[in-house]
Amino acid sequence: MFSTRFNFSILLFSGFLSFLHGFPYPDASGFHNVKSLGAKGNGVADDTKYIRQAVSDDRKRHAYFPAGTYLVGSRIKCGVEKFKRRTLHGEGRDKVVIKLKDNCPGFQDTAYPRAVISFEGGFPDQNFHNYVEHLTIDIGKGNPGAVGLVWQTANSGAVYDVTIRSSDSAYAGSIGLGLTAGNNGPAIVRDVSIIGFDIGIKLVSSLHCIIIEKVKLTHQKKTGVFNAGGLPLILHQVTTASKATAVKGGGYLGILNCAFDGLGSHHPVFDYTSQLYLNGVSTLNYSGPVIVNAQDSTDVDPAYFQSDEAENLLTNATAMLNLPIADPPGPPYEPVDEWLKADDFARRPGWGNDYTLQRAIDAGFKNVYVNSNHAIRQPVHFRGSMQRLVGIGYTGSGYFQYDLPGDDFAFIVDDGASETVIFERHEKGGRILHNSRRTLYIKDCGVDHYENTVPGGKVFIQNVIGGTFRFHRQQVWMRQIDPEGFNDVKILNDGGTLHVLGIKTENPGVVIKTINGGRTEVVGAMIYPSDELPQWQPCFLSIDAHVSYAMVANRNYVGKGYMYVPYVREIRGDAVEELFLFTAFYAGYGESLPILNPIGSGMLSVPASTGDKNRYVFDMRGRRVVPVPGRAVNRRVKHVLPGGVYVNSTGSAEGSGAATEKVNLR
């Protein structure tokens with residue numbers, strides 16, 4: 001019997017209260033309105049043709065569903081040649097239902113499942129920025145081979161505020177949400193309910209990182225969540241209520257603040273191979289075992305469990321920091337007739353600029369939206385009554401074109417009437433300066449650079465692809481981020497608190513640097529170097545700080561063997577210690593340990609699997625020397641380095657007579 005007491009009803013209720021509500025898009029939004037194309041939405045007429053027309057346009061790739069029930073009789077494929085930057089947006093998931101006909105031909109064979117709505121097509125790694133939001137997908141009755149939604153995205157994208165259900169009395173259906181179209185993500189699935197099906201959510205990708213948050217799974221027959229591909233998967237505030245196994249599969253899995261009710265099931269709550277991290281998990285009514293790595297595990301405490309002990313360097317920490325995870329702020333959307341279209345201030349239709357955008361922001365409206373190009377030649381200030389600047393459209397509209405001198409900022413967040421400012425759906429978000437303690441929420445955007453001048457504020461960053469972020473003494477929560485720039489440091493936490501729930505990276509640069517007593521925790525990462533890395537550049541760097549990392553996976557780009565060397569560098573005072581790889585957990589906080597005699601045999605090399613370009617041997621004074629065939633490998637090195645520099649030697653194995661160069665470790 002595997003059971004734990006927990007406040008299941010409280011989590012089940014409060015965990016899904018959300019500010020995410022559907023809303024009608026303004027008439028001037030540029031979306032295809034399916035009813036304007038001919039759809040009836042009365043639950044009787046077949047609307048398949050009109051919905052296909054709306055979602056297959058490769059020029060205008062956004063479809064809006066007003067309230068109604070839209071009956072379909074075959075698969076709806078989103079795209080013809082272009083499968084990126086597509087949005088399906090409903091007026092509300094309690095108002096909009098896309099419903100498959102009962103006993104529909106083509107949806108009967110469970111061996112060959114077919115999606116009602118599908119984003120399959122094209123090259124998956126290039127299918128950027130796809131969204132499904134504020135609607136319900138119903139597979140009807142008598143369709144056991146149906147999949148509610150097969151969804152694919154890359155770099156950013158989300159499924160928000162969606163219900164996927166089977167109306168069958170036996171909850172027949174193959175898969176509710178299928179992330180099964182090749183490599184998928186990074187991406188986020190949030191505020192979703194899945195009712196019925198053999199499998200609630202199935203993933204097959206082995207690349208990138210997926211965040212599943214605030215998802216409610218009920219009446220599954222076999223599995224709630226099945227990670228068949230092994231990619232880093234993070235579940236946060238997910239609940240299940242069924243006799244199925246809650247989570248199955250392999251790869252890196254983090255489960256945080258979740259509640260699983262087996263309803264008297266004899267199946268295991270988890271059937272998982274590879275690395276597993278549980279924190280704040282509650283289970284109820286499971287009599288089956290917990291299976292980890294194909295073995296029954298009686299010592300798994302769902303309240304806190306690590307499949308591996310955390311690596312540590314200069315401290316005695318063995319567990320995660322366990323920083324709190326806060327929800328993003330949720331000021332409600334104002335009624336659409338109270339939205340202001342910034343484009344209306346433009347002198348030339350379709351082309352605004354920083355002056356016209358500033359006029360719109362200063363006009364006294366809470367919600368301002370842009371739907372055409374704006375040339376930004378001087379900074380635009382967020383001030384006054386405006387609390388949300390929304391971009392509508394990712395296909396040549398809603399873009400900002402920047403012509404700013406040097407490193408000038410495009411947007412400056414100043415003091416204003418609202419406690420929270422939301423910057424939402426801007427693929428080209430430019431450079432942002434946070435000049436206020438007001439809470440800032442950056443959502444579904446691209447951001448070149450962020451930094452703040454006023455400490456003490458809160459920042460929420462969700463589903464963002466970016467370049468660099470500089471946080472100075474702030475409280476920061478990042479969900480599903482993808483910093484890809486060529487930078488010395490991608491993310492800096494200077495004396496603040498930073499929690500990262502899912503990150504994927506590309507290109508060189510220290511991924512996260514934490515300094516001056518900062519506290520950083522990462523849960524879920526795909527480190528994916530796509531270019532040759534500078535010598536001595538670590539992936540994670542902490543200097544007199546407190547850090548922990550869990551569920552961090554590494555992938556080499558197209559087999560070129562790029563790898564961070566070292567992987568972790570920790571500095572405390574003049575003490576430096578480095579870790580070249582870690583399995584799943586790293587903890588760098590707590591009581592500092594003294595530096596003792598150098599460990600190992602006096603030499604350290606990186607395993608050959610990391611590739612010849614990054615295969616080095618070091619002596620215990622931190623000097624690089626030529627590789628020594630057959631030398632035993634030690635995985636970490638300790639040393640004291642006054643001034644924080646290496647002496648980098650490129651000569652013989654002893655470094656005699658070789659030219660040297662100093663390499664800054666900080």
# chains A, B, ... in the order shown; residues from 1 in each chain; ligands from 1
>>> select_by_dssp(residues="region 450-521 of chain A", states="strand (DSSP E or B)", output="PyMOL selection string")
chain A and resi 450-452+458-472+475-483+489-494+497-505+510-515+519-521
>>> residues_around(residues="region 433-447 of chain A", least_positions_apart="6", cutoff="6 Å", atoms="only C-alpha atoms", output="list of chain:residue names")
A:Ile412, A:Val413, A:Asp414, A:Asp415, A:Glu419, A:Thr420, A:Val421, A:Ile422, A:Phe423, A:Glu424, A:Arg425, A:His426, A:Glu427, A:Thr453, A:Val454, A:Gly457, A:Lys458, A:Val459, A:Phe460, A:Ile461, A:Gln462, A:Asn463, A:Val464, A:Ile465, A:Gly466
>>> write_last_selection(atoms="N, CA and C atoms", output="PDB file, in the first residue's frame")
ATOM      1  N   ILE A 412      10.913  50.832 -21.594  1.00  0.00           N
ATOM      2  CA  ILE A 412      11.317  51.150 -20.232  1.00  0.00           C
ATOM      3  C   ILE A 412      10.081  51.090 -19.341  1.00  0.00           C
ATOM      4  N   VAL A 413      10.132  50.244 -18.311  1.00  0.00           N
ATOM      5  CA  VAL A 413       9.022  50.098 -17.371  1.00  0.00           C
ATOM      6  C   VAL A 413       9.219  51.107 -16.258  1.00  0.00           C
ATOM      7  N   ASP A 414       8.369  52.129 -16.225  1.00  0.00           N
ATOM      8  CA  ASP A 414       8.420  53.166 -15.206  1.00  0.00           C
ATOM      9  C   ASP A 414       7.325  52.925 -14.180  1.00  0.00           C
ATOM     10  N   ASP A 415       7.248  53.771 -13.160  1.00  0.00           N
ATOM     11  CA  ASP A 415       6.143  53.711 -12.217  1.00  0.00           C
ATOM     12  C   ASP A 415       4.838  54.045 -12.930  1.00  0.00           C
ATOM     13  N   GLU A 419      -0.105  47.891 -10.339  1.00  0.00           N
ATOM     14  CA  GLU A 419       0.988  47.226  -9.631  1.00  0.00           C
ATOM     15  C   GLU A 419       1.739  46.245 -10.532  1.00  0.00           C
ATOM     16  N   THR A 420       1.089  45.819 -11.622  1.00  0.00           N
ATOM     17  CA  THR A 420       1.668  44.820 -12.513  1.00  0.00           C
ATOM     18  C   THR A 420       1.627  45.322 -13.950  1.00  0.00           C
ATOM     19  N   VAL A 421       2.693  45.055 -14.686  1.00  0.00           N
ATOM     20  CA  VAL A 421       2.747  45.353 -16.113  1.00  0.00           C
ATOM     21  C   VAL A 421       2.968  44.034 -16.846  1.00  0.00           C
ATOM     22  N   ILE A 422       2.175  43.797 -17.892  1.00  0.00           N
ATOM     23  CA  ILE A 422       2.266  42.560 -18.662  1.00  0.00           C
ATOM     24  C   ILE A 422       2.649  42.894 -20.095  1.00  0.00           C
ATOM     25  N   PHE A 423       3.713  42.255 -20.561  1.00  0.00           N
ATOM     26  CA  PHE A 423       4.223  42.413 -21.926  1.00  0.00           C
ATOM     27  C   PHE A 423       4.022  41.068 -22.595  1.00  0.00           C
ATOM     28  N   GLU A 424       3.097  40.984 -23.559  1.00  0.00           N
ATOM     29  CA  GLU A 424       2.565  39.690 -23.986  1.00  0.00           C
ATOM     30  C   GLU A 424       2.497  39.569 -25.506  1.00  0.00           C
ATOM     31  N   ARG A 425       2.963  38.416 -26.021  1.00  0.00           N
ATOM     32  CA  ARG A 425       2.845  38.026 -27.420  1.00  0.00           C
ATOM     33  C   ARG A 425       3.556  38.996 -28.370  1.00  0.00           C
ATOM     34  N   HIS A 426       4.816  39.239 -28.088  1.00  0.00           N
ATOM     35  CA  HIS A 426       5.633  40.038 -28.997  1.00  0.00           C
ATOM     36  C   HIS A 426       6.844  39.198 -29.379  1.00  0.00           C
ATOM     37  N   GLU A 427       6.841  38.680 -30.582  1.00  0.00           N
ATOM     38  CA  GLU A 427       7.923  37.784 -30.979  1.00  0.00           C
ATOM     39  C   GLU A 427       9.262  38.512 -31.015  1.00  0.00           C
ATOM     40  N   THR A 453      17.103  48.453 -12.955  1.00  0.00           N
ATOM     41  CA  THR A 453      17.883  49.456 -12.225  1.00  0.00           C
ATOM     42  C   THR A 453      17.422  49.608 -10.791  1.00  0.00           C
ATOM     43  N   VAL A 454      16.183  49.202 -10.504  1.00  0.00           N
ATOM     44  CA  VAL A 454      15.607  49.349  -9.163  1.00  0.00           C
ATOM     45  C   VAL A 454      15.483  47.960  -8.549  1.00  0.00           C
ATOM     46  N   GLY A 457      12.019  44.315  -6.834  1.00  0.00           N
ATOM     47  CA  GLY A 457      10.791  43.986  -7.536  1.00  0.00           C
ATOM     48  C   GLY A 457      10.660  42.508  -7.841  1.00  0.00           C
ATOM     49  N   LYS A 458       9.529  42.144  -8.446  1.00  0.00           N
ATOM     50  CA  LYS A 458       9.254  40.770  -8.858  1.00  0.00           C
ATOM     51  C   LYS A 458       9.150  40.712 -10.382  1.00  0.00           C
ATOM     52  N   VAL A 459       9.671  39.619 -10.936  1.00  0.00           N
ATOM     53  CA  VAL A 459       9.639  39.415 -12.376  1.00  0.00           C
ATOM     54  C   VAL A 459       9.181  37.991 -12.660  1.00  0.00           C
ATOM     55  N   PHE A 460       8.230  37.858 -13.581  1.00  0.00           N
ATOM     56  CA  PHE A 460       7.775  36.558 -14.056  1.00  0.00           C
ATOM     57  C   PHE A 460       8.029  36.504 -15.561  1.00  0.00           C
ATOM     58  N   ILE A 461       8.709  35.455 -15.999  1.00  0.00           N
ATOM     59  CA  ILE A 461       9.032  35.296 -17.411  1.00  0.00           C
ATOM     60  C   ILE A 461       8.587  33.903 -17.824  1.00  0.00           C
ATOM     61  N   GLN A 462       7.657  33.841 -18.767  1.00  0.00           N
ATOM     62  CA  GLN A 462       7.045  32.561 -19.138  1.00  0.00           C
ATOM     63  C   GLN A 462       7.016  32.410 -20.648  1.00  0.00           C
ATOM     64  N   ASN A 463       7.520  31.261 -21.115  1.00  0.00           N
ATOM     65  CA  ASN A 463       7.442  30.910 -22.525  1.00  0.00           C
ATOM     66  C   ASN A 463       8.114  31.990 -23.373  1.00  0.00           C
ATOM     67  N   VAL A 464       9.395  32.198 -23.109  1.00  0.00           N
ATOM     68  CA  VAL A 464      10.136  33.289 -23.733  1.00  0.00           C
ATOM     69  C   VAL A 464      11.417  32.746 -24.357  1.00  0.00           C
ATOM     70  N   ILE A 465      11.664  33.146 -25.592  1.00  0.00           N
ATOM     71  CA  ILE A 465      12.951  32.898 -26.225  1.00  0.00           C
ATOM     72  C   ILE A 465      13.727  34.206 -26.181  1.00  0.00           C
ATOM     73  N   GLY A 466      15.002  34.126 -25.780  1.00  0.00           N
ATOM     74  CA  GLY A 466      15.686  35.384 -25.560  1.00  0.00           C
ATOM     75  C   GLY A 466      17.181  35.310 -25.729  1.00  0.00           C
TER      76      GLY A 466
END
>>> closest_residue(among="A:Gly509, A:Pro566, A:Pro289, A:Gly280", to="Tyr304 (chain A)", atoms="only C-alpha atoms")
A:Gly280
>>> residues_around(residues="Ala45 (chain A)", least_positions_apart="3", cutoff="10 Å", atoms="only C-alpha atoms", output="ChimeraX atom specification")
/A:39-42,48,69-72
>>> write_last_selection(atoms="C-alpha atoms", output="short mmCIF file (atom, residue, chain, number, x, y, z; two decimals), in the first residue's frame")
data_model
loop_
_atom_site.label_atom_id
_atom_site.label_comp_id
_atom_site.auth_asym_id
_atom_site.auth_seq_id
_atom_site.Cartn_x
_atom_site.Cartn_y
_atom_site.Cartn_z
CA ALA A 39 -19.14 28.01 -39.94
CA LYS A 40 -22.45 27.75 -38.07
CA GLY A 41 -21.25 26.61 -34.65
CA ASN A 42 -24.70 25.20 -33.87
CA THR A 48 -15.21 20.92 -41.14
CA THR A 69 -20.26 24.05 -30.90
CA TYR A 70 -18.44 23.26 -34.13
CA LEU A 71 -19.15 19.78 -35.51
CA VAL A 72 -16.38 18.12 -37.57
#
>>> closest_residue(among="A:Val489, A:Thr283, A:Val576, A:Trp351", to="Cys539 (chain A)", atoms="only C-alpha atoms")
A:Val489
>>> select_by_dssp(residues="region 54-218 of chain A", states="helix (DSSP H, G or I)", output="MDAnalysis selection string")
chainID A and resid 54:55 124:126
>>> write_last_selection(atoms="C-alpha atoms", output="tab-separated table (two decimals), in the first residue's frame")
chain	number	residue	atom	x	y	z
A	54	ALA	CA	-9.31	29.05	-41.36
A	55	VAL	CA	-6.42	26.92	-40.10
A	124	PRO	CA	9.41	19.93	-36.31
A	125	ASP	CA	12.48	21.81	-35.06
A	126	GLN	CA	11.40	24.84	-37.13
